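Colleague: So here's target25.csv (CSV, C-alpha atoms).
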chain,number,residue,atom,x,y,z
E,162,MET,CA,-11.5,2.1,-25.1
E,163,THR,CA,-7.9,1.1,-24.5
E,164,LEU,CA,-6.2,3.4,-21.9
E,165,ARG,CA,-2.5,4.3,-22.5
E,166,VAL,CA,-0.4,3.9,-19.4
E,167,VAL,CA,3.0,4.8,-18.2
E,168,GLU,CA,4.6,2.7,-15.4
E,169,TRP,CA,6.7,4.9,-13.0
E,170,SER,CA,9.5,2.7,-11.6
E,171,THR,CA,10.5,-0.9,-11.9
E,172,GLY,CA,11.3,-1.9,-8.4
E,173,THR,CA,9.7,-4.5,-6.1
E,174,VAL,CA,6.2,-3.3,-7.0
E,175,GLY,CA,6.7,-1.7,-10.4
E,176,ARG,CA,8.1,-4.8,-12.0
E,177,HIS,CA,4.8,-6.6,-11.2
E,178,ALA,CA,2.8,-3.6,-12.4
E,179,ILE,CA,4.5,-3.8,-15.8
E,180,GLU,CA,3.3,-7.4,-16.2
E,181,GLY,CA,-0.1,-6.5,-14.9
E,182,ILE,CA,-0.5,-3.6,-17.4
E,183,ASP,CA,0.6,-5.9,-20.2
E,184,ARG,CA,-2.0,-8.5,-19.2
E,185,HIS,CA,-4.9,-6.1,-18.8
E,186,PRO,CA,-7.2,-6.1,-21.8
E,187,ASP,CA,-8.1,-2.4,-21.4
E,188,LEU,CA,-4.6,-1.0,-20.9
E,189,GLU,CA,-1.6,-0.4,-23.1
E,190,LEU,CA,1.9,0.2,-21.8
E,191,VAL,CA,3.4,3.2,-23.6
E,192,GLY,CA,6.3,4.2,-21.4
E,193,VAL,CA,8.4,3.3,-18.4
E,194,TRP,CA,10.4,5.6,-16.1
E,195,VAL,CA,13.4,4.5,-14.1
E,196,SER,CA,15.8,6.2,-11.7
E,197,ASP,CA,18.7,3.9,-12.2
E,198,PRO,CA,20.9,4.9,-15.2
E,199,GLU,CA,21.8,1.3,-15.8
E,200,LYS,CA,18.2,0.5,-16.6
E,201,VAL,CA,17.8,3.3,-19.2
E,202,GLY,CA,17.3,1.8,-22.7
E,203,LYS,CA,16.4,-1.7,-21.4
E,204,ASP,CA,13.2,-3.3,-22.5
E,205,ALA,CA,10.3,-3.1,-20.0
E,206,GLY,CA,9.7,-6.8,-20.4
E,207,ARG,CA,13.2,-7.7,-19.2
E,208,LEU,CA,13.0,-5.3,-16.3
E,209,ALA,CA,9.8,-6.9,-15.3
E,210,GLY,CA,11.5,-10.3,-15.3
E,211,LEU,CA,9.5,-11.6,-18.3
E,212,ASP,CA,11.1,-13.9,-20.9
E,213,ARG,CA,10.2,-11.5,-23.7
E,214,ASP,CA,10.5,-8.0,-24.9
E,215,LEU,CA,7.5,-5.6,-24.7
E,216,GLY,CA,8.9,-3.1,-27.2
E,217,ILE,CA,9.0,-0.3,-24.6
E,218,LEU,CA,12.4,1.0,-23.6
E,219,ALA,CA,12.9,2.5,-20.1
E,220,THR,CA,13.9,6.1,-19.8
E,221,ASP,CA,14.8,8.6,-17.1
E,222,ASP,CA,13.4,11.5,-19.2
E,223,ARG,CA,10.3,12.4,-17.3
E,224,GLN,CA,9.3,15.2,-19.6
E,225,ALA,CA,9.4,12.8,-22.6
E,226,LEU,CA,7.0,10.5,-20.8
E,227,LEU,CA,4.6,13.4,-19.8
E,228,ASP,CA,4.7,14.5,-23.5
E,229,LEU,CA,3.2,11.1,-24.4
E,230,LYS,CA,0.0,12.4,-22.8
E,231,PRO,CA,-0.9,9.0,-21.3
E,232,ASP,CA,-4.3,8.5,-19.9
E,233,ALA,CA,-2.7,7.3,-16.6
E,234,ILE,CA,0.5,6.8,-14.7
E,235,VAL,CA,0.9,3.8,-12.4
E,236,HIS,CA,3.3,5.3,-9.8
E,237,THR,CA,5.1,2.7,-7.7
E,238,ALA,CA,8.3,4.6,-6.9
E,239,MET,CA,9.7,4.6,-3.4
E,240,THR,CA,8.1,7.3,-1.3
E,241,ASP,CA,8.7,6.3,2.3
E,242,ASP,CA,11.9,8.3,2.5
E,243,ARG,CA,11.0,11.1,0.1
E,244,ILE,CA,7.4,12.0,0.9
E,245,PHE,CA,7.3,15.6,-0.1
E,246,GLU,CA,9.3,15.0,-3.3
E,247,ALA,CA,6.9,12.3,-4.2
E,248,ILE,CA,3.9,14.6,-3.5
E,249,GLY,CA,5.5,17.1,-5.8
E,250,ASP,CA,5.8,14.5,-8.6
E,251,LEU,CA,2.1,13.4,-8.2
E,252,THR,CA,1.0,17.1,-8.2
E,253,GLU,CA,2.9,17.7,-11.4
E,254,PHE,CA,1.3,14.6,-13.1
E,255,VAL,CA,-2.3,15.6,-12.4
E,256,ARG,CA,-1.7,19.2,-13.3
E,257,ALA,CA,-0.5,17.9,-16.7
E,258,GLY,CA,-3.9,16.2,-17.0
E,259,ILE,CA,-2.7,12.7,-16.4
E,260,ASN,CA,-4.6,10.4,-14.0
E,261,VAL,CA,-2.5,8.7,-11.4
E,262,VAL,CA,-2.8,5.6,-9.3
E,263,SER,CA,0.0,5.4,-6.8
E,264,SER,CA,1.3,3.1,-4.0
E,265,GLY,CA,2.3,6.1,-1.9
E,266,PRO,CA,2.8,8.3,0.0
E,267,VAL,CA,0.4,6.2,2.1
E,268,LEU,CA,-0.8,9.3,4.0
E,269,LEU,CA,-2.7,10.3,0.8
E,270,GLN,CA,-4.8,7.0,0.9
E,271,TYR,CA,-7.3,9.0,3.0
E,272,PRO,CA,-5.6,12.2,4.0
E,273,PHE,CA,-8.6,14.0,5.4
E,274,GLY,CA,-7.9,14.8,9.1
E,275,VAL,CA,-4.5,13.1,8.7
E,276,VAL,CA,-2.4,15.8,7.0
E,277,PRO,CA,-2.9,19.6,6.9
E,278,GLU,CA,-5.0,21.1,4.1
E,279,SER,CA,-1.9,23.0,3.1
E,280,VAL,CA,-0.5,19.7,1.9
E,281,THR,CA,-3.7,18.3,0.2
E,282,ASP,CA,-5.2,21.5,-1.2
E,283,PRO,CA,-2.5,22.1,-3.8
E,284,ILE,CA,-2.8,18.5,-5.0
E,285,ILE,CA,-6.6,18.8,-5.3
E,286,GLU,CA,-6.4,22.2,-7.0
E,287,ALA,CA,-3.8,20.8,-9.5
E,288,ALA,CA,-6.0,17.8,-10.2
E,289,LYS,CA,-9.1,19.9,-10.9
E,290,ALA,CA,-7.1,22.3,-13.0
E,291,GLY,CA,-5.7,19.4,-15.1
E,292,GLY,CA,-9.0,17.5,-15.2
E,293,ALA,CA,-7.3,14.4,-13.7
E,294,SER,CA,-7.7,12.2,-10.6
E,295,LEU,CA,-5.2,10.8,-8.1
E,296,HIS,CA,-5.8,7.6,-6.2
E,297,VAL,CA,-3.3,6.2,-3.6
E,298,ASN,CA,-3.9,2.6,-2.6
E,299,GLY,CA,-2.5,-0.9,-2.5
E,300,ILE,CA,-2.9,-3.7,-0.1
E,301,ASP,CA,-1.9,-2.0,3.2
E,302,PRO,CA,-2.8,0.8,3.5
E,303,GLY,CA,-5.4,-0.2,0.9
E,304,PHE,CA,-7.7,-3.1,0.1
E,305,ALA,CA,-7.0,-5.1,3.2
E,306,ASN,CA,-8.0,-2.3,5.5
E,307,ASP,CA,-10.4,-0.1,3.5
E,308,VAL,CA,-12.6,-2.0,1.0
E,309,LEU,CA,-12.5,-5.4,2.7
E,310,PRO,CA,-13.5,-4.3,6.3
E,311,LEU,CA,-16.1,-1.9,5.0
E,312,ALA,CA,-17.7,-4.5,2.8
E,313,MET,CA,-17.9,-6.8,5.8
E,314,THR,CA,-19.7,-4.2,7.9
E,315,SER,CA,-22.6,-4.4,5.4
E,316,LEU,CA,-23.4,-7.7,7.2
E,317,SER,CA,-23.6,-6.1,10.6
E,318,ARG,CA,-26.6,-5.3,12.8
E,319,ARG,CA,-24.5,-3.7,15.5
E,320,ILE,CA,-20.8,-2.8,15.4
E,321,ASP,CA,-18.8,-2.5,18.6
E,322,GLU,CA,-15.3,-2.6,17.1
E,323,VAL,CA,-13.6,-3.0,13.7
E,324,ARG,CA,-10.1,-4.4,14.0
E,325,CYS,CA,-7.8,-4.8,11.0
E,326,ALA,CA,-4.5,-6.6,11.5
E,327,GLU,CA,-1.5,-7.5,9.3
E,328,ILE,CA,0.3,-10.6,10.7
E,329,ALA,CA,3.5,-11.3,8.8
E,330,ASP,CA,7.0,-12.5,8.8
E,331,TYR,CA,9.2,-9.9,7.0
E,332,SER,CA,12.3,-12.0,6.7
E,333,THR,CA,12.0,-12.3,3.0
E,334,TYR,CA,10.7,-8.7,2.5
E,335,TYR,CA,13.3,-7.0,0.4
E,336,GLN,CA,13.2,-3.3,1.3
E,337,PRO,CA,16.5,-2.5,3.1
E,338,VAL,CA,15.7,1.2,3.7
E,339,VAL,CA,12.2,0.4,5.1
E,340,MET,CA,13.4,-2.5,7.2
E,341,SER,CA,16.5,-0.9,8.8
E,342,GLN,CA,16.1,2.9,8.6
E,343,ILE,CA,12.3,3.3,8.9
E,344,PHE,CA,11.2,0.3,11.0
E,345,GLY,CA,14.5,0.1,12.9
E,346,PHE,CA,15.1,-3.7,12.7
E,347,GLY,CA,18.6,-4.5,13.7
E,348,GLN,CA,18.9,-1.2,15.6
E,349,PRO,CA,19.1,-0.8,19.4
E,350,VAL,CA,15.8,-1.4,21.1
E,351,ASP,CA,16.0,1.9,23.0
E,352,ALA,CA,16.4,3.8,19.8
E,353,THR,CA,13.4,5.6,18.2
E,354,PRO,CA,13.3,4.8,14.5
E,355,PRO,CA,11.3,7.2,12.3
E,356,LEU,CA,8.2,4.9,12.3
E,357,LEU,CA,8.0,5.0,16.1
E,358,THR,CA,8.4,8.7,16.4
E,359,PRO,CA,5.2,9.9,18.1
E,360,GLY,CA,2.6,10.8,15.4
E,361,VAL,CA,4.2,9.0,12.5
E,362,LEU,CA,2.1,5.8,12.9
E,363,SER,CA,-1.1,8.0,13.0
E,364,MET,CA,0.1,9.7,9.8
E,365,ALA,CA,0.9,6.5,8.0
E,366,TRP,CA,-1.9,4.2,9.0
E,367,GLY,CA,-4.3,6.7,10.6
E,368,SER,CA,-5.6,7.3,7.1
E,369,VAL,CA,-7.3,3.8,7.1
E,370,VAL,CA,-8.7,4.3,10.6
E,371,ARG,CA,-10.2,7.6,9.6
E,372,GLN,CA,-11.5,6.2,6.3
E,373,ILE,CA,-13.3,3.3,8.1
E,374,ALA,CA,-14.8,5.8,10.5
E,375,ALA,CA,-16.0,7.9,7.6
E,376,GLY,CA,-17.4,4.9,5.9
E,377,LEU,CA,-19.3,4.1,9.1
E,378,GLY,CA,-20.4,7.7,9.7
E,379,ILE,CA,-18.7,8.1,13.1
E,380,THR,CA,-16.7,10.9,14.6
E,381,LEU,CA,-13.5,9.8,16.3
E,382,ASP,CA,-11.9,11.3,19.4
E,383,GLU,CA,-8.8,13.4,18.8
E,384,PRO,CA,-6.0,12.5,18.6
E,385,LEU,CA,-5.7,8.9,17.5
E,386,ILE,CA,-4.0,6.6,20.0
E,387,GLU,CA,-0.7,4.8,19.2
E,388,ARG,CA,0.4,1.7,21.1
E,389,THR,CA,3.7,-0.1,20.4
E,390,GLU,CA,5.5,-3.2,21.6
E,391,VAL,CA,9.2,-3.7,20.6
E,392,VAL,CA,10.8,-7.2,20.9
E,393,ALA,CA,14.5,-7.8,21.1
E,394,ALA,CA,16.2,-10.6,19.2
E,395,ASP,CA,16.9,-13.6,21.3
E,396,ARG,CA,19.7,-14.6,18.9
E,397,ASP,CA,21.2,-13.4,15.6
E,398,TYR,CA,18.8,-13.3,12.7
E,399,ASP,CA,19.6,-12.7,9.0
E,400,THR,CA,16.9,-11.4,6.6
E,401,VAL,CA,17.1,-10.6,3.0
E,402,SER,CA,17.2,-6.9,3.9
E,403,VAL,CA,19.1,-6.5,7.2
E,404,ALA,CA,21.1,-8.5,9.7
E,405,ILE,CA,19.6,-8.4,13.2
E,406,PRO,CA,22.1,-9.1,16.0
E,407,THR,CA,21.1,-10.5,19.3
E,408,GLY,CA,19.6,-7.9,21.6
E,409,THR,CA,18.5,-5.5,18.8
E,410,MET,CA,15.0,-4.8,17.6
E,411,ALA,CA,13.6,-7.9,15.8
E,412,ALA,CA,9.8,-7.8,16.1
E,413,LEU,CA,7.2,-5.1,16.4
E,414,HIS,CA,3.5,-4.9,17.3
E,415,PHE,CA,1.7,-1.6,16.9
E,416,GLU,CA,-1.8,-0.3,17.0
E,417,VAL,CA,-3.3,2.9,15.7
E,418,VAL,CA,-6.6,3.3,17.5
E,419,GLY,CA,-9.7,5.4,16.8
E,420,GLN,CA,-11.9,5.9,19.8
E,421,VAL,CA,-15.4,7.3,20.4
E,422,ASP,CA,-16.0,8.7,23.9
E,423,GLY,CA,-12.9,6.9,25.1
E,424,VAL,CA,-13.8,3.4,23.7
E,425,ASP,CA,-11.8,1.7,21.0
E,426,ARG,CA,-14.0,1.5,17.9
E,427,VAL,CA,-11.6,1.2,14.9
E,428,VAL,CA,-8.2,-0.4,15.3
E,429,LEU,CA,-5.4,-0.9,12.8
E,430,GLU,CA,-2.6,-3.2,14.0
E,431,HIS,CA,0.5,-4.9,12.7
E,432,TYR,CA,2.3,-8.0,14.1
E,433,THR,CA,5.6,-7.9,12.3
E,434,ARG,CA,8.2,-10.7,12.8
E,435,THR,CA,11.6,-11.1,11.2
E,436,HIS,CA,11.6,-14.8,11.7
E,437,PRO,CA,8.5,-17.2,11.8
E,438,GLU,CA,9.6,-18.6,15.2
E,439,GLN,CA,9.6,-15.2,17.0
E,440,CYS,CA,6.9,-14.2,19.5
E,441,PRO,CA,4.8,-17.4,19.7
E,442,GLN,CA,2.4,-15.6,21.9
E,443,TRP,CA,1.3,-13.3,19.0
E,444,PRO,CA,-1.4,-14.3,16.5
E,445,THR,CA,-0.2,-16.4,13.5
E,446,PRO,CA,-1.7,-16.9,10.1
E,447,THR,CA,-3.8,-20.0,9.6
E,448,ASN,CA,-1.8,-20.8,6.5
E,449,GLY,CA,1.6,-19.5,5.4
E,450,ASP,CA,3.7,-16.7,7.0
E,451,GLY,CA,1.5,-13.7,6.2
E,452,CYS,CA,-2.1,-12.7,6.3
E,453,TYR,CA,-4.6,-9.9,7.0
E,454,ARG,CA,-7.3,-10.5,9.6
E,455,ILE,CA,-10.5,-8.5,10.0
E,456,ASP,CA,-12.4,-8.9,13.3
E,457,ILE,CA,-15.7,-7.1,13.7
E,458,THR,CA,-17.2,-7.5,17.2
E,459,GLY,CA,-20.9,-6.7,17.6
E,460,ASP,CA,-24.0,-8.5,16.3
E,461,PRO,CA,-23.1,-10.8,14.6
E,462,VAL,CA,-19.3,-11.3,15.3
E,463,LEU,CA,-17.5,-11.4,11.9
E,464,ASN,CA,-14.0,-12.7,11.1
E,465,VAL,CA,-12.2,-13.0,7.9
E,466,GLU,CA,-8.6,-14.0,7.3
E,467,PHE,CA,-7.2,-12.9,4.0
E,468,GLY,CA,-4.1,-14.8,3.0
E,469,HIS,CA,-2.0,-14.7,-0.2
E,470,HIS,CA,1.1,-16.2,-1.5
E,471,GLY,CA,3.0,-16.1,-4.8
E,472,GLU,CA,3.4,-19.0,-7.2
E,473,ASN,CA,6.7,-19.6,-5.5
E,474,GLY,CA,5.0,-19.7,-2.1
E,475,ASP,CA,6.4,-16.5,-0.7
E,476,HIS,CA,3.8,-14.1,0.8
E,477,ASN,CA,6.2,-11.1,0.6
E,478,VAL,CA,6.4,-11.5,-3.2
E,479,SER,CA,2.7,-11.9,-3.5
E,480,GLY,CA,2.3,-8.8,-1.3
E,481,MET,CA,4.1,-6.8,-4.0
E,482,VAL,CA,1.9,-8.4,-6.7
E,483,VAL,CA,-1.4,-7.6,-4.9
E,484,THR,CA,-0.2,-4.1,-4.2
E,485,ALA,CA,0.6,-3.6,-7.9
E,486,MET,CA,-2.6,-5.2,-9.2
E,487,ARG,CA,-4.9,-3.3,-6.9
E,488,LEU,CA,-3.5,-0.2,-8.6
E,489,VAL,CA,-3.4,-1.5,-12.1
E,490,ASN,CA,-7.0,-2.9,-12.0
E,491,ALA,CA,-8.2,0.4,-10.5
E,492,VAL,CA,-6.9,2.5,-13.5
E,493,PRO,CA,-10.2,2.4,-15.6
E,494,ALA,CA,-12.3,3.5,-12.6
E,495,VAL,CA,-9.8,6.3,-11.6
E,496,VAL,CA,-9.7,7.6,-15.2
E,497,ALA,CA,-13.5,7.7,-15.2
E,498,ALA,CA,-13.7,9.4,-11.8
E,499,GLU,CA,-14.3,13.1,-11.2
E,500,PRO,CA,-11.1,15.1,-11.1
E,501,GLY,CA,-9.5,15.4,-7.6
E,502,LEU,CA,-8.2,13.2,-4.9
E,503,VAL,CA,-10.1,9.9,-5.1
E,504,THR,CA,-10.4,7.5,-2.2
E,505,ALA,CA,-11.8,4.0,-2.0
E,506,LEU,CA,-15.0,5.5,-0.8
E,507,ASP,CA,-15.4,7.3,-4.2
E,508,LEU,CA,-14.7,4.3,-6.5
E,509,PRO,CA,-17.2,1.7,-7.8
E,510,LEU,CA,-16.5,-2.0,-7.4
E,511,VAL,CA,-13.0,-2.8,-8.8
E,512,THR,CA,-12.7,-6.3,-10.2
E,513,GLY,CA,-10.3,-8.4,-12.2
E,514,ARG,CA,-12.4,-8.0,-15.3
E,515,GLY,CA,-10.7,-9.5,-18.3
E,516,LEU,CA,-8.1,-11.4,-16.3
E,517,VAL,CA,-9.6,-14.9,-16.2
E,518,ALA,CA,-7.2,-17.3,-17.9
E,519,GLY,CA,-8.3,-18.3,-21.4
E,520,ALA,CA,-11.5,-16.2,-21.3
E,521,ALA,CA,-12.1,-13.0,-23.1
E,522,ALA,CA,-14.0,-10.2,-21.3
E,523,PRO,CA,-17.2,-9.0,-22.9
E,524,ALA,CA,-17.0,-5.6,-24.5
E,525,ALA,CA,-17.6,-2.6,-22.1
E,526,ASP,CA,-21.0,-0.9,-22.3
Can you turn what I pasted into structure tokens?

Modeller:
Amino acid sequence: MTLRVVEWSTGTVGRHAIEGIDRHPDLELVGVWVSDPEKVGKDAGRLAGLDRDLGILATDDRQALLDLKPDAIVHTAMTDDRIFEAIGDLTEFVRAGINVVSSGPVLLQYPFGVVPESVTDPIIEAAKAGGASLHVNGIDPGFANDVLPLAMTSLSRRIDEVRCAEIADYSTYYQPVVMSQIFGFGQPVDATPPLLTPGVLSMAWGSVVRQIAAGLGITLDEPLIERTEVVAADRDYDTVSVAIPTGTMAALHFEVVGQVDGVDRVVLEHYTRTHPEQCPQWPTPTNGDGCYRIDITGDPVLNVEFGHHGENGDHNVSGMVVTAMRLVNAVPAVVAAEPGLVTALDLPLVTGRGLVAGAAAPAAD
């Protein structure tokens, strides 16, 4: 059965989601929402950067899109600076009986023990009332630090520590608000950007730490531990999102740590540069300028480096693609799931079924 899908936004992730929905054999794009008045009335194919029309015109009329009664909404709108407004949107969608896969807010990737029940209960109640499911995921938080590390642990005889790292150069990452206002790049090193306010890292990435712990059946000490290292620019840097003058914040390493009896057991960390030559003492990808690395110590010791890059070679572009496609390819499984808030622990294996070039997928059972 073909599922009717609305794409919600056409930004750095949404434009790739549009192409992904169009390519997917089990999905049909029926609507596109935009916030920019200049995009209203433009064809989705053009907004996605394709060289053809898709016959779907973008609109800012949210009710008109809900009235289409799609099977699912792929929600990729910016949420980092409008968390509660976004939660309100997602709650409205599922209450209307529309399944949702969303790239944020990331705290909903696995909110249990991360955010108060007063935040999650209304979403779950709305989803059950509407008979719909909500799944928040992507690449990070998402596949690189929920499905991938947990799949690796199936090879273990003893697990001492699970460590999930993003190692990336963000100089070509186009997200001005995130880079400057949230991460604090280009700001004084003694300032405290929102991301480094105590507790925020645990809210944003603590979800993956807690989900890994839940997948392994362990109870973590409370609270989670946050460790940060800020590096000042040794010269002026210029990224696609923000200028970074000498002496301002230019690189960041942080850890969100789940301990058991005072011992690190699950660690999520980021090594974020704004130029590939910064911080040579930090780990670097084996290939390219960005990767995810999973290290599991125990018996046996397991290591996987997951790299990606776009057809143009840029890992920040492919980061948007893989985020979009993790959501798009999960749509059939989320539609089939029981109503409520669905995490990676609840879903079956999600694959790229039907996407092999030149090959048609067999009919679903």

Colleague: Go through E:Val482, E:Cys325, E:Val496, E:Arg213 one by one, measure the shortest atom-to-atom distance of each to E:Ala288 using all atoms listed in the file, and give the residue with the smallest value.

Modeller: E:Val496

Colleague: Please list as a ChimeraX atom specification every residue within 10 Å of E:Asn448, counting only C-alpha atoms and excluding residues in the same chain fewer than 3 positions away.

Modeller: /E:445,451-452,466-470

Colleague: Excluding E:Gly471 and any residue of its chain fewer than 6 positions from it, enumerate the residues within 10 Å of it, using all atoms listed in the file, and give them as a list of chain:residue names.

Modeller: E:Asn477, E:Val478, E:Ser479, E:Gly480, E:Met481, E:Val482, E:Val483

Colleague: Got a sec: who's within 10 Å of stretch 198-202 of chain E, counting only C-alpha atoms, leaving out chain neighbours fewer than 5 positions off, as a list in words?

Modeller: Thr171, Val193, Arg207, Leu208, Ile217, Leu218, Ala219, Thr220, Asp221 and Asp222 of chain E

Colleague: Which residues are close to stretch 292-308 of chain E, i.e. within 6 Å by all atoms listed in the file, leaving aside same-chain residues fewer than 5 positions away? Reply as a compact mmCIF listing (two decimals) with C-alpha atoms, in the frame of the given file.

Modeller:
# COMPACT_ATOMS: atom_id res chain seq x y z
CA VAL E 255 -2.30 15.60 -12.40
CA GLY E 258 -3.90 16.20 -17.00
CA ILE E 259 -2.70 12.70 -16.40
CA ASN E 260 -4.60 10.40 -14.00
CA VAL E 261 -2.50 8.70 -11.40
CA VAL E 262 -2.80 5.60 -9.30
CA SER E 263 0.00 5.40 -6.80
CA SER E 264 1.30 3.10 -4.00
CA GLY E 265 2.30 6.10 -1.90
CA GLN E 270 -4.80 7.00 0.90
CA THR E 484 -0.20 -4.10 -4.20
CA ARG E 487 -4.90 -3.30 -6.90
CA PRO E 500 -11.10 15.10 -11.10
CA GLY E 501 -9.50 15.40 -7.60
CA LEU E 502 -8.20 13.20 -4.90
CA VAL E 503 -10.10 9.90 -5.10

Colleague: Here is a test: counting only C-alpha atoms, which residue of E:His185, E:Ala178, E:Gln224, E:Pro231 is nearest to E:Val517?

Modeller: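 When distances to E:Val517 are compared using only C-alpha atoms, the smallest one comes from E:His185.
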
Colleague: Show which residues sit within 12 Å of E:Ala329, as a count of residues only. Count only C-alpha atoms, and ignore same-chain residues fewer than 2 positions away.

Modeller: 40
